[in-house]
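Shown next: query.cif, given as mmCIF, C-alpha atoms and all ligand atoms.
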data_my_file
#
loop_
_atom_site.label_atom_id
_atom_site.label_comp_id
_atom_site.auth_asym_id
_atom_site.auth_seq_id
_atom_site.Cartn_x
_atom_site.Cartn_y
_atom_site.Cartn_z
CA MET A 1 13.63 3.72 -6.93
CA ARG A 2 12.23 7.18 -7.43
CA VAL A 3 11.86 9.26 -4.31
CA LEU A 4 8.77 11.41 -4.61
CA THR A 5 8.75 15.17 -4.16
CA PHE A 6 6.93 16.66 -1.21
CA GLU A 7 4.09 19.09 -1.35
CA ASN A 8 5.05 21.68 1.21
CA SER A 9 2.46 23.78 2.97
CA CYS A 10 4.94 26.68 3.02
CA ASP A 11 4.60 26.92 -0.77
CA SER A 12 1.25 28.44 -1.73
CA GLU A 13 0.89 26.52 -5.03
CA GLN A 14 1.63 23.20 -3.34
CA ASP A 15 -0.53 24.15 -0.39
CA ARG A 16 -3.42 24.24 -2.87
CA VAL A 17 -2.84 20.52 -3.62
CA LEU A 18 -2.75 19.68 0.09
CA ARG A 19 -6.10 21.42 0.52
CA GLN A 20 -7.96 19.39 -2.08
CA LYS A 21 -10.07 16.33 -1.44
CA ALA A 22 -8.44 13.22 -2.94
CA LYS A 23 -10.35 10.97 -5.36
CA PRO A 24 -11.17 7.29 -4.82
CA VAL A 25 -8.89 4.72 -6.47
CA LYS A 26 -10.75 2.85 -9.22
CA ASP A 27 -8.25 0.12 -10.02
CA ILE A 28 -5.67 -1.55 -7.76
CA ASN A 29 -3.06 -2.42 -10.37
CA ASP A 30 0.71 -2.61 -10.90
CA GLU A 31 0.97 1.12 -11.48
CA LEU A 32 -0.65 1.80 -8.11
CA ARG A 33 1.59 -0.80 -6.43
CA ARG A 34 4.62 0.97 -7.91
CA THR A 35 3.37 4.30 -6.57
CA LEU A 36 2.85 2.77 -3.11
CA ALA A 37 6.39 1.33 -3.14
CA GLU A 38 7.70 4.80 -3.99
CA MET A 39 5.67 6.28 -1.17
CA PHE A 40 7.22 3.81 1.30
CA GLU A 41 10.67 4.68 -0.01
CA THR A 42 9.95 8.40 0.41
CA MET A 43 8.44 7.99 3.88
CA HIS A 44 11.30 5.85 5.17
CA LYS A 45 13.93 8.17 3.76
CA ASP A 46 12.50 11.03 5.83
CA ARG A 47 11.83 8.76 8.83
CA GLY A 48 8.15 9.55 8.62
CA VAL A 49 5.50 7.37 10.24
CA GLY A 50 2.91 8.01 7.54
CA LEU A 51 2.55 9.46 4.07
CA ALA A 52 -0.62 10.24 2.11
CA GLY A 53 -1.03 10.64 -1.66
CA PRO A 54 -1.74 14.41 -1.64
CA GLN A 55 1.56 14.99 0.19
CA VAL A 56 3.41 13.88 -2.90
CA GLY A 57 1.06 15.50 -5.40
CA LEU A 58 -1.20 12.47 -5.93
CA LEU A 59 -4.84 13.30 -5.36
CA GLN A 60 -5.76 9.68 -4.74
CA ARG A 61 -7.27 8.15 -1.61
CA ILE A 62 -4.17 6.25 -0.55
CA PHE A 63 -1.76 6.38 2.36
CA VAL A 64 1.01 4.27 3.85
CA THR A 65 2.06 3.99 7.49
CA HIS A 66 4.93 2.72 9.56
CA ALA A 67 4.04 3.57 13.16
CA GLU A 68 6.76 2.80 15.69
CA ARG A 69 7.25 -0.97 16.18
CA ASP A 70 4.48 -1.61 13.65
CA GLN A 71 4.76 -3.13 10.18
CA ASP A 72 4.42 -1.26 6.88
CA ARG A 73 0.72 -0.82 6.08
CA VAL A 74 -1.18 0.27 2.97
CA PHE A 75 -4.62 1.90 3.04
CA ILE A 76 -6.55 2.32 -0.22
CA ASN A 77 -9.96 4.07 -0.24
CA PRO A 78 -10.08 4.02 3.58
CA SER A 79 -13.05 4.91 5.75
CA ILE A 80 -12.93 5.45 9.48
CA ILE A 81 -16.00 3.49 10.55
CA TRP A 82 -15.78 3.99 14.33
CA THR A 83 -14.04 6.31 16.78
CA SER A 84 -13.84 5.97 20.57
CA GLN A 85 -15.56 8.48 22.86
CA GLU A 86 -12.30 8.89 24.69
CA GLN A 87 -10.02 11.55 23.26
CA VAL A 88 -6.32 11.99 23.86
CA LYS A 89 -3.72 14.70 23.32
CA PHE A 90 -0.69 13.74 21.26
CA GLU A 91 2.10 15.75 19.67
CA GLU A 92 1.90 15.71 15.87
CA GLY A 93 4.18 16.83 13.12
CA CYS A 94 3.85 16.48 9.36
CA LEU A 95 6.33 15.96 6.52
CA SER A 96 4.38 18.66 4.65
CA VAL A 97 4.75 21.17 7.50
CA PRO A 98 8.43 20.64 8.29
CA GLY A 99 9.93 21.68 11.62
CA LEU A 100 6.68 22.41 13.44
CA TRP A 101 4.81 20.30 15.98
CA ALA A 102 1.66 20.77 18.04
CA ASP A 103 -0.47 18.88 20.55
CA VAL A 104 -3.62 17.68 18.82
CA VAL A 105 -6.66 16.13 20.50
CA ARG A 106 -8.28 13.19 18.70
CA PRO A 107 -10.19 10.00 19.52
CA GLU A 108 -7.92 7.45 21.17
CA LYS A 109 -9.11 4.41 19.23
CA ILE A 110 -10.55 3.94 15.77
CA LYS A 111 -11.74 1.27 13.38
CA VAL A 112 -10.75 1.73 9.78
CA GLN A 113 -11.89 -0.17 6.73
CA ALA A 114 -9.73 -0.13 3.58
CA TRP A 115 -8.19 -2.19 0.79
CA ASN A 116 -4.60 -3.35 0.66
CA GLU A 117 -2.29 -3.35 -2.39
CA ARG A 118 -3.52 -6.81 -3.42
CA GLY A 119 -7.08 -5.55 -3.57
CA ARG A 120 -8.16 -7.29 -0.38
CA ALA A 121 -10.57 -5.47 1.94
CA PHE A 122 -9.68 -5.39 5.63
CA THR A 123 -10.90 -3.84 8.87
CA LEU A 124 -8.40 -2.76 11.48
CA GLU A 125 -8.90 -1.55 15.04
CA ALA A 126 -6.08 0.72 16.13
CA ALA A 127 -5.01 2.49 19.33
CA GLY A 128 -1.97 4.51 20.35
CA VAL A 129 0.46 5.74 17.75
CA LEU A 130 -1.04 3.74 14.87
CA SER A 131 -4.51 5.16 15.54
CA ARG A 132 -3.01 8.65 15.59
CA VAL A 133 -1.08 8.16 12.35
CA ILE A 134 -4.13 6.74 10.55
CA GLN A 135 -6.30 9.69 11.62
CA HIS A 136 -3.64 12.21 10.58
CA GLU A 137 -3.13 10.54 7.17
CA TYR A 138 -6.85 10.14 6.62
CA ASP A 139 -7.22 13.90 7.14
CA HIS A 140 -4.75 14.47 4.28
CA LEU A 141 -7.21 12.74 1.92
CA GLU A 142 -9.82 15.32 2.98
CA GLY A 143 -7.49 18.29 2.53
CA ILE A 144 -7.19 18.75 6.30
CA LEU A 145 -3.86 19.51 8.00
CA PHE A 146 -3.18 18.86 11.68
CA MET A 147 -3.19 22.54 12.66
CA ASP A 148 -6.83 22.71 11.54
CA ARG A 149 -7.59 20.46 14.53
CA LEU A 150 -6.19 22.92 17.09
CA ASN A 151 -8.38 25.24 19.11
CA GLU A 152 -8.49 28.82 17.82
CA THR A 153 -5.82 30.22 20.20
CA ALA A 154 -3.39 27.38 19.55
CA ARG A 155 -4.07 27.56 15.81
CA GLN A 156 -3.33 31.29 15.64
CA LYS A 157 -0.08 30.73 17.52
CA PHE A 158 0.83 27.90 15.19
CA LEU A 159 0.04 29.94 12.06
CA ALA A 160 2.23 32.78 13.34
CA LYS A 161 5.13 30.33 13.71
CA LEU A 162 4.44 28.95 10.23
CA GLU A 163 4.43 32.47 8.79
CA LYS A 164 7.75 33.24 10.48
CA GLN A 165 9.20 30.04 9.03
CA LYS A 166 7.95 30.95 5.53
CA GLN A 167 9.64 34.33 5.74
CA ALA A 168 12.87 32.75 6.91
CA GLY A 169 12.62 30.72 3.68
NI NI B 201 0.98 14.89 7.50
#
I'd like the structure from this file rewritten - as structure tokens, please.
Amino acid sequence: MRVLTFENSCDSEQDRVLRQKAKPVKDINDELRRTLAEMFETMHKDRGVGLAGPQVGLLQRIFVTHAERDQDRVFINPSIIWTSQEQVKFEEGCLSVPGLWADVVRPEKIKVQAWNERGRAFTLEAAGVLSRVIQHEYDHLEGILFMDRLNETARQKFLAKLEKQKQAG
């Protein structure tokens, strides 16, 4: 199976793709199922816990997850329909921003509504790691990267590290 190529935020042309808003999927068909299977393959190969379409150059509203001890999950045209008042800090990294991590504050629990690869709609309430992964992947569909969620001081520090990494090649 084809392993997909990553969009890397260190590359300015690819960064442009990561910054775009993905488009809704119109048809859940065999081609899409093939793409999703390739996304799982790519995510597992890099031991990721989630992978969104824009990360592999596909500007479609799709992502896959495999949060620790959870099953493989597919989200097509997702919407986050509820978030808890309670927020938590959690260390995040991203396959598109390799080698860098940061503590990000987000709602602890969410409810997400989406379609699976068989075209069936579902609603899922998630907490813990799965909630975190879904929120991070959902952001990718909006062109948002996790460092955008940091406060200004932390973000500047993070961007300086990213810049240093870019120069190191
Ligand atoms: Ni990511």
Query - Counting all atoms listed in the file, the option among A:His140, A:Thr42, A:Trp82, A:Leu159 closest to Trp101 (chain A) - result: A:Leu159
For Phe158 (chain A), work out the shell of residues within 9 Å, counting all atoms listed in the file and skipping chain neighbours fewer than 4 positions away, then give it as an mmCIF file with C-alpha atoms, in the frame of the given file.
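Output (out06.cif):
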data_model
loop_
_atom_site.group_PDB
_atom_site.id
_atom_site.type_symbol
_atom_site.label_atom_id
_atom_site.label_comp_id
_atom_site.auth_asym_id
_atom_site.auth_seq_id
_atom_site.Cartn_x
_atom_site.Cartn_y
_atom_site.Cartn_z
ATOM 1 C CA LEU A 100 6.680 22.410 13.440
ATOM 2 C CA TRP A 101 4.810 20.300 15.980
ATOM 3 C CA ALA A 102 1.660 20.770 18.040
ATOM 4 C CA MET A 147 -3.190 22.540 12.660
ATOM 5 C CA LEU A 150 -6.190 22.920 17.090
ATOM 6 C CA THR A 153 -5.820 30.220 20.200
ATOM 7 C CA ALA A 154 -3.390 27.380 19.550
ATOM 8 C CA LEU A 162 4.440 28.950 10.230
ATOM 9 C CA GLU A 163 4.430 32.470 8.790
#
Query raised in the report: Using only C-alpha atoms and all ligand atoms, what are the residues with an atom within 10 Å of ligand NI 201 (chain B), set out as number ranges by chain?
Result: A: 18, 48-52, 54-55, 92-98, 133, 135-140, 144-146
Rows by chain and residue number, region 22-109 of chain A within 7 Å of region 115-123 of chain A, shortest pair, only C-alpha atoms, as JSON lines:
{"residue": "A:Ile28", "atom": "CA", "partner": "A:Gly119", "partner_atom": "CA", "distance": 6.0}
{"residue": "A:Arg33", "atom": "CA", "partner": "A:Glu117", "partner_atom": "CA", "distance": 6.2}
{"residue": "A:Val74", "atom": "CA", "partner": "A:Asn116", "partner_atom": "CA", "distance": 5.5}
{"residue": "A:Phe75", "atom": "CA", "partner": "A:Asn116", "partner_atom": "CA", "distance": 5.8}
{"residue": "A:Ile76", "atom": "CA", "partner": "A:Trp115", "partner_atom": "CA", "distance": 4.9}
{"residue": "A:Asn77", "atom": "CA", "partner": "A:Trp115", "partner_atom": "CA", "distance": 6.6}
Query raised in the report: If you measure from CA of Arg155 (chain A) to CA of Ala168 (chain A), what distance in Å do you get, rounded to one decimal?
Result: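 Calculated distance between CA of Arg155 (chain A) and CA of Ala168 (chain A) is 19.8 Å.
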**Report entry** Straight-line distance linking CA of Asp148 (chain A) with CA of Val105 (chain A), stated in Å to one decimal
**Finding:**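 Going from CA of Asp148 (chain A) over to CA of Val105 (chain A), I get 11.1 Å.
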Requested in this report: Have a look at CA of Asp103 (chain A) and CA of Val88 (chain A) and let me know their distance in Å, one decimal.
Outcome: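 Straight-line distance from CA of Asp103 (chain A) to CA of Val88 (chain A) works out to 9.6 Å.
Proximity of A:Lys111, A:Arg16, A:Arg47, A:Arg61 to Glu142 (chain A), computed with all atoms listed in the file, is greatest for A:Arg61.
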Report task. For Asp72 (chain A), list every protein, DNA or RNA residue within 10 Å, evaluated using all atoms listed in the file, and leave out those in the same chain fewer than 3 positions away; present the list as number ranges by chain. Result -> A: 40, 49-50, 64-69
Report summary line: Closest of A:Asn29, A:Ser131, A:Gln20, A:Asn151 to Ile80 (chain A), counting all atoms listed in the file, is A:Ser131
Query - All residues 10 Å or closer to Thr35 (chain A), all atoms listed in the file, same chain fewer than 3 positions away omitted, as an NGL selection string - result: :A and (2 or 4 or 30-32 or 38-41 or 53 or 58 or 62)
Dump C-alpha atoms for the selected residues as a CSV table (one decimal), in the coordinates of the input?
chain,number,residue,atom,x,y,z
A,2,ARG,CA,12.2,7.2,-7.4
A,4,LEU,CA,8.8,11.4,-4.6
A,30,ASP,CA,0.7,-2.6,-10.9
A,31,GLU,CA,1.0,1.1,-11.5
A,32,LEU,CA,-0.6,1.8,-8.1
A,38,GLU,CA,7.7,4.8,-4.0
A,39,MET,CA,5.7,6.3,-1.2
A,40,PHE,CA,7.2,3.8,1.3
A,41,GLU,CA,10.7,4.7,0.0
A,53,GLY,CA,-1.0,10.6,-1.7
A,58,LEU,CA,-1.2,12.5,-5.9
A,62,ILE,CA,-4.2,6.2,-0.6
Query raised in the report: Restricting the calculation to only C-alpha atoms, which member of A:Ile81, A:Gly143, A:Gln167, A:Glu86 is positioned closest to Gln113 (chain A)?
Result: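 Nearest candidate to Gln113 (chain A) out of A:Ile81, A:Gly143, A:Gln167, A:Glu86: A:Ile81.
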Report summary line: In terms of all atoms listed in the file, the residue from A:Lys89, A:Lys21, A:Gly99, A:Lys26 at minimal distance from Lys166 (chain A) is A:Gly99
